[in-house]
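So this one's data-v5.txt, compact mmCIF, C-alpha atoms (C1' of nucleotides):
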# COMPACT_ATOMS: atom_id res chain seq x y z
CA MET A 1 66.73 27.52 5.04
CA GLU A 2 65.11 30.93 4.73
CA LEU A 3 61.78 31.33 3.04
CA THR A 4 63.18 33.72 0.45
CA GLU A 5 65.86 31.28 -0.61
CA ALA A 6 63.51 28.33 -0.49
CA ARG A 7 61.07 30.10 -2.78
CA LEU A 8 63.79 30.83 -5.31
CA ARG A 9 65.00 27.27 -5.24
CA PHE A 10 61.52 25.93 -5.69
CA ILE A 11 60.87 28.15 -8.68
CA GLU A 12 64.17 27.22 -10.23
CA ALA A 13 63.66 23.49 -9.71
CA TRP A 14 60.11 23.55 -11.03
CA GLY A 15 61.36 25.37 -14.11
CA LYS A 16 64.10 22.84 -14.70
CA LEU A 17 61.74 19.94 -14.22
CA GLY A 18 59.32 21.46 -16.68
CA SER A 19 61.97 21.89 -19.32
CA GLU A 20 63.08 18.29 -18.92
CA TRP A 21 59.52 17.26 -19.69
CA GLY A 22 58.94 19.44 -22.70
CA ILE A 23 57.28 22.33 -20.89
CA ASN A 24 58.99 25.62 -21.33
CA ARG A 25 60.97 26.83 -18.39
CA THR A 26 59.28 30.16 -17.97
CA MET A 27 55.85 28.62 -18.06
CA ALA A 28 56.82 26.21 -15.30
CA GLN A 29 58.35 29.04 -13.30
CA VAL A 30 55.28 31.22 -13.53
CA HIS A 31 53.26 28.25 -12.40
CA ALA A 32 55.65 27.67 -9.51
CA LEU A 33 55.42 31.29 -8.46
CA LEU A 34 51.65 31.17 -8.41
CA LEU A 35 51.72 27.89 -6.52
CA ILE A 36 53.55 29.48 -3.63
CA SER A 37 51.75 32.82 -3.64
CA PRO A 38 49.02 33.19 -1.04
CA GLU A 39 47.32 35.91 -3.06
CA SER A 40 46.62 36.07 -6.75
CA LEU A 41 49.12 38.15 -8.70
CA THR A 42 48.98 40.67 -11.49
CA THR A 43 50.95 40.44 -14.71
CA GLU A 44 53.05 43.30 -13.39
CA GLU A 45 54.00 41.41 -10.25
CA ILE A 46 54.88 38.26 -12.15
CA MET A 47 57.05 40.23 -14.57
CA GLN A 48 58.96 41.76 -11.69
CA GLU A 49 59.36 38.64 -9.65
CA LEU A 50 60.71 36.56 -12.53
CA ASN A 51 62.34 39.31 -14.59
CA ILE A 52 60.41 38.62 -17.73
CA SER A 53 58.83 40.91 -20.28
CA ARG A 54 55.21 41.85 -20.50
CA GLY A 55 54.75 39.91 -23.71
CA ASN A 56 56.27 36.81 -22.27
CA ALA A 57 54.22 37.01 -19.09
CA ASN A 58 51.06 37.49 -21.07
CA MET A 59 51.62 34.58 -23.42
CA THR A 60 52.77 32.30 -20.68
CA LEU A 61 49.74 33.02 -18.54
CA ARG A 62 47.50 32.35 -21.46
CA ASP A 63 49.19 29.00 -21.99
CA LEU A 64 48.85 28.08 -18.35
CA ILE A 65 45.17 28.91 -18.52
CA SER A 66 44.78 26.71 -21.60
CA TRP A 67 46.43 23.89 -19.66
CA GLY A 68 43.86 24.41 -16.93
CA LEU A 69 46.53 25.15 -14.36
CA VAL A 70 45.82 28.83 -13.80
CA ASP A 71 42.71 30.99 -13.66
CA LYS A 72 42.07 34.67 -13.65
CA GLN A 73 40.09 36.77 -11.28
CA HIS A 74 38.51 40.18 -11.51
CA ARG A 75 38.43 42.34 -8.44
CA PRO A 76 35.52 44.72 -8.20
CA GLY A 77 36.52 48.27 -8.87
CA GLU A 78 39.83 47.22 -10.39
CA ARG A 79 40.55 46.98 -14.02
CA LYS A 80 43.52 44.67 -14.09
CA GLU A 81 43.46 40.92 -13.95
CA TYR A 82 44.70 38.75 -11.12
CA PHE A 83 46.06 35.26 -11.69
CA PHE A 84 46.11 32.30 -9.36
CA ALA A 85 46.88 28.60 -9.52
CA ASP A 86 45.07 25.63 -8.10
CA LYS A 87 47.44 24.46 -5.38
CA ASP A 88 46.20 20.90 -5.02
CA ALA A 89 48.94 18.59 -6.25
CA TRP A 90 46.51 15.87 -7.23
CA ASN A 91 44.48 18.26 -9.36
CA ILE A 92 47.63 19.53 -11.00
CA ALA A 93 48.78 16.02 -11.85
CA ARG A 94 45.37 15.15 -13.22
CA GLN A 95 45.20 18.30 -15.27
CA VAL A 96 48.63 17.77 -16.79
CA ALA A 97 47.88 14.12 -17.46
CA GLN A 98 44.63 15.03 -19.11
CA GLU A 99 46.15 17.62 -21.41
CA ARG A 100 49.09 15.48 -22.41
CA LYS A 101 46.83 12.55 -23.06
CA LYS A 102 44.68 14.66 -25.31
CA ARG A 103 47.56 16.35 -27.10
CA GLU A 104 49.94 13.42 -27.41
CA LEU A 105 48.71 10.01 -26.42
CA ASP A 106 45.43 10.11 -28.31
CA PRO A 107 47.08 11.07 -31.63
CA ILE A 108 49.77 8.44 -31.22
CA ILE A 109 47.20 5.72 -30.58
CA LYS A 110 45.34 6.81 -33.65
CA LEU A 111 48.50 6.53 -35.72
CA LEU A 112 49.46 3.18 -34.25
CA ASN A 113 46.06 1.83 -35.20
CA GLU A 114 46.62 2.97 -38.75
CA LEU A 115 50.09 1.53 -38.86
CA SER A 116 48.75 -1.82 -37.68
CA GLU A 117 46.99 -2.11 -41.00
CA VAL A 118 50.18 -2.02 -43.01
CA GLU A 119 50.18 -4.38 -45.97
CA GLY A 120 52.88 -6.89 -46.75
CA SER A 121 53.94 -10.47 -46.69
CA GLU A 122 54.63 -12.52 -43.60
CA LYS A 123 57.72 -13.76 -45.36
CA GLU A 124 59.45 -10.42 -45.27
CA PRO A 125 61.34 -10.08 -42.00
CA SER A 126 61.07 -6.30 -42.03
CA TYR A 127 57.31 -6.59 -42.34
CA LYS A 128 57.05 -9.05 -39.49
CA VAL A 129 59.23 -6.99 -37.19
CA PHE A 130 57.38 -3.82 -38.01
CA LYS A 131 54.00 -5.37 -37.35
CA ASN A 132 55.06 -6.93 -34.10
CA THR A 133 56.70 -3.81 -32.78
CA VAL A 134 53.74 -1.64 -33.64
CA LYS A 135 51.32 -4.13 -32.16
CA ASP A 136 53.27 -4.35 -28.96
CA ILE A 137 53.61 -0.61 -28.52
CA ASN A 138 49.95 -0.21 -29.37
CA LYS A 139 48.98 -2.60 -26.63
CA LEU A 140 51.09 -0.72 -24.10
CA ALA A 141 49.72 2.62 -25.22
CA LYS A 142 46.18 1.37 -24.78
CA ASN A 143 46.93 0.12 -21.30
CA VAL A 144 48.40 3.46 -20.36
CA ASN A 145 45.42 5.15 -21.86
CA LYS A 146 42.95 3.14 -19.84
CA THR A 147 44.90 3.70 -16.65
CA LEU A 148 44.98 7.43 -17.27
CA GLU A 149 41.28 7.56 -17.92
CA THR A 150 40.63 5.93 -14.60
CA MET A 151 43.03 8.24 -12.88
CA LEU A 152 41.38 11.26 -14.40
CA ASN A 153 38.07 10.30 -12.89
CA ALA A 154 39.47 9.09 -9.60
CA GLU A 155 39.53 10.77 -6.26
CA GLU A 156 43.03 11.05 -4.95
CA SER A 157 42.45 9.00 -1.84
CA TRP A 158 40.71 6.22 -3.71
CA PHE A 159 43.40 6.10 -6.37
CA TRP A 160 46.34 5.90 -4.02
CA SER A 161 44.74 3.53 -1.62
CA SER A 162 44.10 1.12 -4.48
CA ILE A 163 47.68 1.53 -5.57
CA PHE A 164 48.85 0.81 -2.08
CA LYS A 165 46.70 -2.24 -1.71
CA MET A 166 48.02 -3.65 -4.90
CA PHE A 167 51.67 -2.90 -4.29
CA LYS A 168 51.87 -3.56 -0.58
CA MET B 1 49.51 1.51 -46.33
CA GLU B 2 52.82 0.36 -47.76
CA LEU B 3 55.58 -0.81 -45.46
CA THR B 4 57.98 1.85 -46.70
CA GLU B 5 55.57 4.64 -45.92
CA ALA B 6 54.54 3.09 -42.62
CA ARG B 7 58.15 2.87 -41.50
CA LEU B 8 58.75 6.52 -42.29
CA ARG B 9 55.63 7.57 -40.46
CA PHE B 10 56.56 5.52 -37.44
CA ILE B 11 60.04 7.04 -37.27
CA GLU B 12 58.67 10.52 -37.67
CA ALA B 13 56.00 10.04 -35.00
CA TRP B 14 58.39 8.47 -32.54
CA GLY B 15 60.73 11.42 -33.05
CA LYS B 16 58.00 13.93 -32.47
CA LEU B 17 56.79 12.12 -29.38
CA GLY B 18 60.31 12.06 -28.01
CA SER B 19 60.80 15.76 -28.52
CA GLU B 20 57.52 16.52 -26.77
CA TRP B 21 58.85 14.63 -23.77
CA GLY B 22 62.27 16.20 -23.60
CA ILE B 23 64.12 13.55 -25.57
CA ASN B 24 65.89 14.82 -28.60
CA ARG B 25 64.23 14.07 -31.86
CA THR B 26 67.16 12.34 -33.52
CA MET B 27 67.71 10.09 -30.57
CA ALA B 28 64.10 8.97 -30.66
CA GLN B 29 64.31 8.46 -34.42
CA VAL B 30 67.39 6.32 -34.22
CA HIS B 31 65.65 4.29 -31.57
CA ALA B 32 62.58 3.98 -33.77
CA LEU B 33 64.68 2.83 -36.69
CA LEU B 34 66.33 0.14 -34.63
CA LEU B 35 62.97 -0.92 -33.23
CA ILE B 36 61.71 -1.79 -36.68
CA SER B 37 64.91 -3.28 -38.06
CA PRO B 38 65.06 -7.06 -38.09
CA GLU B 39 68.85 -7.01 -38.19
CA SER B 40 71.27 -4.91 -36.20
CA LEU B 41 72.60 -1.90 -38.09
CA THR B 42 75.93 -0.17 -38.50
CA THR B 43 76.54 3.51 -37.87
CA GLU B 44 76.88 3.87 -41.61
CA GLU B 45 73.43 2.45 -42.28
CA ILE B 46 71.81 4.62 -39.63
CA MET B 47 73.47 7.72 -41.05
CA GLN B 48 72.13 6.92 -44.47
CA GLU B 49 68.65 5.96 -43.43
CA LEU B 50 68.08 9.09 -41.34
CA ASN B 51 70.36 11.51 -43.19
CA ILE B 52 72.43 12.41 -40.20
CA SER B 53 76.14 12.97 -39.78
CA ARG B 54 78.62 10.50 -38.40
CA GLY B 55 79.19 12.60 -35.29
CA ASN B 56 75.52 12.84 -34.58
CA ALA B 57 74.92 9.14 -35.13
CA ASN B 58 77.79 8.26 -32.87
CA MET B 59 76.73 10.49 -29.99
CA THR B 60 73.12 9.52 -30.29
CA LEU B 61 73.91 5.83 -30.20
CA ARG B 62 76.06 6.37 -27.16
CA ASP B 63 73.17 8.14 -25.46
CA LEU B 64 70.76 5.37 -26.33
CA ILE B 65 73.16 2.86 -24.87
CA SER B 66 73.45 4.89 -21.67
CA TRP B 67 69.65 4.88 -21.46
CA GLY B 68 69.78 1.10 -21.74
CA LEU B 69 67.65 1.12 -24.88
CA VAL B 70 70.27 -0.03 -27.36
CA ASP B 71 73.17 -2.46 -27.30
CA LYS B 72 76.06 -3.17 -29.58
CA GLN B 73 77.21 -6.37 -31.11
CA HIS B 74 80.48 -7.55 -32.56
CA ARG B 75 80.40 -9.88 -35.48
CA PRO B 76 83.34 -12.25 -35.72
CA GLY B 77 85.78 -11.26 -38.41
CA GLU B 78 84.27 -7.77 -38.72
CA ARG B 79 85.69 -4.69 -37.25
CA LYS B 80 82.68 -2.45 -37.19
CA GLU B 81 79.99 -2.38 -34.58
CA TYR B 82 76.37 -3.36 -35.04
CA PHE B 83 73.58 -1.76 -33.02
CA PHE B 84 70.22 -3.16 -32.06
CA ALA B 85 67.35 -2.26 -29.77
CA ASP B 86 65.36 -4.34 -27.36
CA LYS B 87 61.96 -4.53 -29.04
CA ASP B 88 59.85 -5.41 -26.03
CA ALA B 89 57.61 -2.46 -25.30
CA TRP B 90 57.35 -3.27 -21.62
CA ASN B 91 61.12 -3.35 -21.23
CA ILE B 92 61.40 -0.06 -23.05
CA ALA B 93 58.85 1.58 -20.79
CA ARG B 94 60.57 0.22 -17.72
CA GLN B 95 63.96 1.34 -18.91
CA VAL B 96 62.79 4.86 -19.67
CA ALA B 97 60.93 5.07 -16.38
CA GLN B 98 63.98 3.89 -14.52
CA GLU B 99 66.30 6.40 -16.11
CA ARG B 100 63.97 9.33 -15.71
CA LYS B 101 63.31 8.42 -12.13
CA LYS B 102 67.02 8.35 -11.43
CA ARG B 103 67.80 11.51 -13.32
CA GLU B 104 64.79 13.61 -12.38
CA LEU B 105 62.44 12.26 -9.75
CA ASP B 106 65.09 11.30 -7.20
CA PRO B 107 66.75 14.74 -7.25
CA ILE B 108 63.41 16.53 -7.02
CA ILE B 109 62.37 14.47 -4.02
CA LYS B 110 65.66 15.26 -2.37
CA LEU B 111 65.08 18.96 -2.91
CA LEU B 112 61.48 18.82 -1.72
CA ASN B 113 62.64 17.20 1.49
CA GLU B 114 65.08 20.02 2.03
CA LEU B 115 62.49 22.64 1.23
CA SER B 116 60.12 21.10 3.77
CA GLU B 117 62.52 22.22 6.47
CA VAL B 118 62.14 25.89 5.61
CA GLU B 119 62.06 28.13 8.66
CA GLY B 120 59.45 30.75 9.35
CA SER B 121 56.39 31.70 11.30
CA GLU B 122 52.98 30.11 10.95
CA LYS B 123 51.59 33.62 11.00
CA GLU B 124 53.09 34.55 7.67
CA PRO B 125 50.71 33.54 4.89
CA SER B 126 53.51 33.13 2.39
CA TYR B 127 55.24 30.73 4.75
CA LYS B 128 52.11 28.69 5.30
CA VAL B 129 51.31 28.45 1.62
CA PHE B 130 54.84 27.52 0.73
CA LYS B 131 55.00 24.78 3.32
CA ASN B 132 51.65 23.33 2.35
CA THR B 133 52.38 23.34 -1.34
CA VAL B 134 55.75 21.73 -0.89
CA LYS B 135 54.36 19.15 1.49
CA ASP B 136 51.57 18.27 -0.90
CA ILE B 137 53.82 17.94 -3.92
CA ASN B 138 56.26 15.96 -1.87
CA LYS B 139 53.57 13.49 -0.91
CA LEU B 140 52.55 13.05 -4.53
CA ALA B 141 56.15 12.64 -5.64
CA LYS B 142 56.69 9.94 -3.07
CA ASN B 143 53.59 8.09 -4.21
CA VAL B 144 54.76 8.22 -7.78
CA ASN B 145 58.16 7.08 -6.69
CA LYS B 146 56.81 4.06 -4.87
CA THR B 147 54.59 3.11 -7.77
CA LEU B 148 57.51 3.36 -10.18
CA GLU B 149 59.68 1.21 -7.99
CA THR B 150 57.07 -1.50 -8.01
CA MET B 151 56.62 -1.19 -11.73
CA LEU B 152 60.34 -1.47 -12.29
CA ASN B 153 60.41 -4.81 -10.55
CA ALA B 154 57.17 -6.08 -11.97
CA GLU B 155 56.54 -8.52 -14.72
CA GLU B 156 54.39 -7.03 -17.40
CA SER B 157 51.58 -9.52 -17.08
CA TRP B 158 51.42 -9.24 -13.33
CA PHE B 159 51.50 -5.46 -13.49
CA TRP B 160 48.73 -5.05 -16.00
CA SER B 161 46.51 -7.71 -14.58
CA SER B 162 46.64 -5.93 -11.22
CA ILE B 163 45.83 -2.70 -12.96
CA PHE B 164 42.90 -4.31 -14.67
CA LYS B 165 41.55 -5.86 -11.53
CA MET B 166 41.69 -2.55 -9.77
CA PHE B 167 40.22 -0.46 -12.57
CA LYS B 168 37.66 -2.86 -13.89
C1' DA C 1 35.34 61.34 -28.31
C1' DA C 2 39.27 61.61 -25.61
C1' DT C 3 41.82 59.84 -21.88
C1' DT C 4 43.38 56.27 -19.15
C1' DA C 5 44.43 51.55 -17.82
C1' DC C 6 45.22 47.82 -19.16
C1' DT C 7 46.01 43.45 -22.61
C1' DT C 8 47.49 41.39 -26.82
C1' DT C 9 50.27 40.72 -30.79
C1' DC C 10 54.30 39.88 -33.38
C1' DA C 11 58.60 41.21 -36.04
C1' DG C 12 63.04 41.23 -34.63
C1' DT C 13 66.50 39.55 -31.51
C1' DA C 14 68.58 36.64 -28.21
C1' DA C 15 69.39 32.31 -26.13
C1' DT C 16 69.60 27.43 -26.39
C1' DA C 17 69.97 23.09 -28.49
C1' DT C 18 71.36 20.27 -32.12
C1' DT C 19 74.22 18.96 -35.88
C1' DT C 20 78.14 18.88 -38.74
C1' DG C 21 82.60 17.58 -40.38
C1' DA C 22 87.13 17.13 -40.09
C1' DA C 23 90.91 16.01 -37.11
C1' DA C 24 92.45 13.10 -33.42
C1' DA C 25 92.24 8.85 -31.16
C1' DT C 26 91.86 3.90 -31.05
C1' DA C 27 92.38 -0.64 -32.31
C1' DC C 28 93.23 -4.24 -35.20
C1' DA C 29 96.10 -6.62 -38.86
C1' DA C 30 100.04 -7.34 -41.60
C1' DT D 1 105.67 -0.09 -36.75
C1' DT D 2 103.05 1.11 -40.31
C1' DG D 3 98.83 1.15 -42.64
C1' DT D 4 93.93 0.89 -42.57
C1' DA D 5 89.34 0.77 -40.76
C1' DT D 6 86.64 2.50 -37.49
C1' DT D 7 85.13 5.39 -33.58
C1' DT D 8 85.28 9.50 -30.92
C1' DT D 9 85.61 14.30 -30.00
C1' DC D 10 84.46 19.05 -30.17
C1' DA D 11 84.70 23.88 -32.15
C1' DA D 12 82.06 26.06 -35.30
C1' DA D 13 77.82 26.32 -38.00
C1' DT D 14 72.97 25.84 -38.14
C1' DA D 15 68.41 25.24 -36.59
C1' DT D 16 65.02 25.75 -33.17
C1' DT D 17 62.80 27.86 -29.56
C1' DA D 18 61.91 31.51 -26.42
C1' DC D 19 61.78 36.43 -25.28
C1' DT D 20 61.50 41.35 -25.82
C1' DG D 21 59.50 45.70 -26.42
C1' DA D 22 56.99 48.76 -28.70
C1' DA D 23 52.89 49.45 -31.24
C1' DA D 24 48.19 48.21 -31.83
C1' DG D 25 44.05 46.71 -29.69
C1' DT D 26 40.28 46.82 -26.17
C1' DA D 27 37.34 48.52 -22.95
C1' DA D 28 35.99 51.22 -19.06
C1' DT D 29 35.72 56.19 -17.44
C1' DT D 30 35.30 61.02 -17.75
Please go through the file and, once you have read it, give me the structure as structure tokens.
Amino acid sequence: MELTEARLRFIEAWGKLGSEWGINRTMAQVHALLLISPESLTTEEIMQELNISRGNANMTLRDLISWGLVDKQHRPGERKEYFFADKDAWNIARQVAQERKKRELDPIIKLLNELSEVEGSEKEPSYKVFKNTVKDINKLAKNVNKTLETMLNAEESWFWSSIFKMFK
Amino acid sequence: MELTEARLRFIEAWGKLGSEWGINRTMAQVHALLLISPESLTTEEIMQELNISRGNANMTLRDLISWGLVDKQHRPGERKEYFFADKDAWNIARQVAQERKKRELDPIIKLLNELSEVEGSEKEPSYKVFKNTVKDINKLAKNVNKTLETMLNAEESWFWSSIFKMFK
DNA sequence: AATTACTTTCAGTAATATTTGAAAATACAA
DNA sequence: TTGTATTTTCAAATATTACTGAAAGTAATT
């Protein structure tokens, strides 16, 4: 396959994957483009490459920065901003995990804790089922949480070698 | 908190969580409702409880069944179908992981393998960066894949106790 | 203080995803 | 085979989300 085609396919696939996981397609595509660009790019270049508007490019880049996936650069003597992405897959995974944990897992655990305190009688089946289900999900969520926390602090090599040892 | 309120909050939160992860809100809500219902429910009851149309309820239930999260029951002498969900959080997690792996991870790994074969010269920076990025993501994807496969076969207790040992 | 080079915002529009509801299909019972 | 209960389908309606483009904002330069 040619590089040009491969790049397009990569961008498309990354965009699709993003949208399947609740990340908007364009945002994932901009990220993909930066991931495979040797040099940092201007808003202008991103707009052209992906056929998106200035407003969209701007907002998307801002989002990517808030996710910690993209940074901007100033070049001396130039006024415009250049954007680039960390290309290390492990860092990307960690960053995404960290943000999603903060935005989604933490709030859900908080709620589950509250819901565990629900009042009612052990005689009511709907009470018993509710309590059990919530307790069980809560336990799982806390396990996931702990695992993520470890992963966030871990070095890639250490993390995967432990995984391998355990699953060999 | 009262049971009635707690149930509503749980359904709402589960729906929101689903939609943040690319699962449609109604589908997650129907699942939530079944998770906290001691008895299996009819389409009719689900429609009422969640204020959704017959068509929507029907399609959503079908989807949940295809995800392996819900099953139907026949009751002797009755014509209509009753739906219920497996309430074991570990099974749910496994089931979701399994489906997403099949639908999303497997295809992406296939593509990454193809993209690794891209032709070009080591002198071109854009070729080098592309190859490296793809290779790196591919490695990560394969690690995730292997971990998931193990998890899919694992018993909950075994899985988490290994995790604990390793992360203690 | 005016010009230039950019970035940001956001109301309006477009695109996508979800839901409805009624008709068609199915399946059981008499 | 006809009637009745139930499920399924899907075109159209609605809701949600994403995108555009032009105007307003910012900040460096002359």
Fewer than 6 positions away in the same chain doesn't count, so skip those; otherwise give me all residues within 9 Å of Ser37 (chain B), counting only C-alpha atoms (C1' of nucleotides), as a list in words. Pro125, Ser126, Val129 and Phe130 of chain A; Phe84 and Ala85 of chain B
Restrict the distance test to only C-alpha atoms, flag each residue of chain A within 7 Å of chain B, and return the flagged residues as a VMD selection string. chain A and resid 1 to 3 6 20 to 22 35 to 38 87 89 115 117 to 120 125 to 127 129 to 130 133 136 to 137 140 150 162 166 to 167
At a cut-off of 10 Å, which residues of chain D touch chain B? Count all atoms listed in the file and give the answer as a PyMOL selection string. chain D and resi 5-10
Contacts of DA11 (chain D) within 12 Å, all atoms listed in the file, excl. fewer than 5 positions in-chain, as a list in words: DT20, DG21, DA22 and DA23 of chain C
Near DA22 (chain D), counting all atoms listed in the file, which residues have an atom at most 12 Å away, once you skip same-chain residues fewer than 3 positions from it, shown as a PyMOL selection string? (chain A and resi 53-55) or (chain C and resi 9-12)
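Picture a line from CA of Leu69 (chain A) to CA of Glu49 (chain A); it runs 19.2 Å.
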Please report, as a Markdown table, each residue of chain C lying at most 8 Å from chain A, together with the nearest pair of atoms and the separation in Å rounded to one decimal; use all atoms listed in the file, and order rows by chain and ascending residue number.
| residue | atom | partner | partner_atom | distance |
| --- | --- | --- | --- | --- |
| C:DA5 | C1' | A:Arg79 | CA | 7.1 |
| C:DC6 | C1' | A:Lys80 | CA | 6.2 |
| C:DT7 | C1' | A:Asn58 | CA | 8.0 |
| C:DT8 | C1' | A:Asn58 | CA | 7.8 |
Nearest residue to Ile46 (chain A) out of A:Lys72, A:Tyr82, A:Ser157, A:Leu148, using only C-alpha atoms?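 Ranked by minimum distance to Ile46 (chain A), first place goes to A:Tyr82.
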Report the distance between C1' of DT19 (chain C) and CA of Thr60 (chain A) in Å, rounded to one decimal place. 29.5 Å
Grab the C1' of DC19 (chain D) to CA of Ala57 (chain A) distance for me, in Å with one decimal place. 9.8 Å
For a quick check of understanding, using only C-alpha atoms, which of B:Leu41, B:Leu50, B:Leu8, B:Leu152 has the smallest distance to Thr26 (chain B)? B:Leu50
Within 8 Å of Val70 (chain B), counting only C-alpha atoms (C1' of nucleotides), which residues qualify if same-chain residues fewer than 5 places away don't, as a PyMOL selection string? chain B and resi 31+61+64-65+83-86
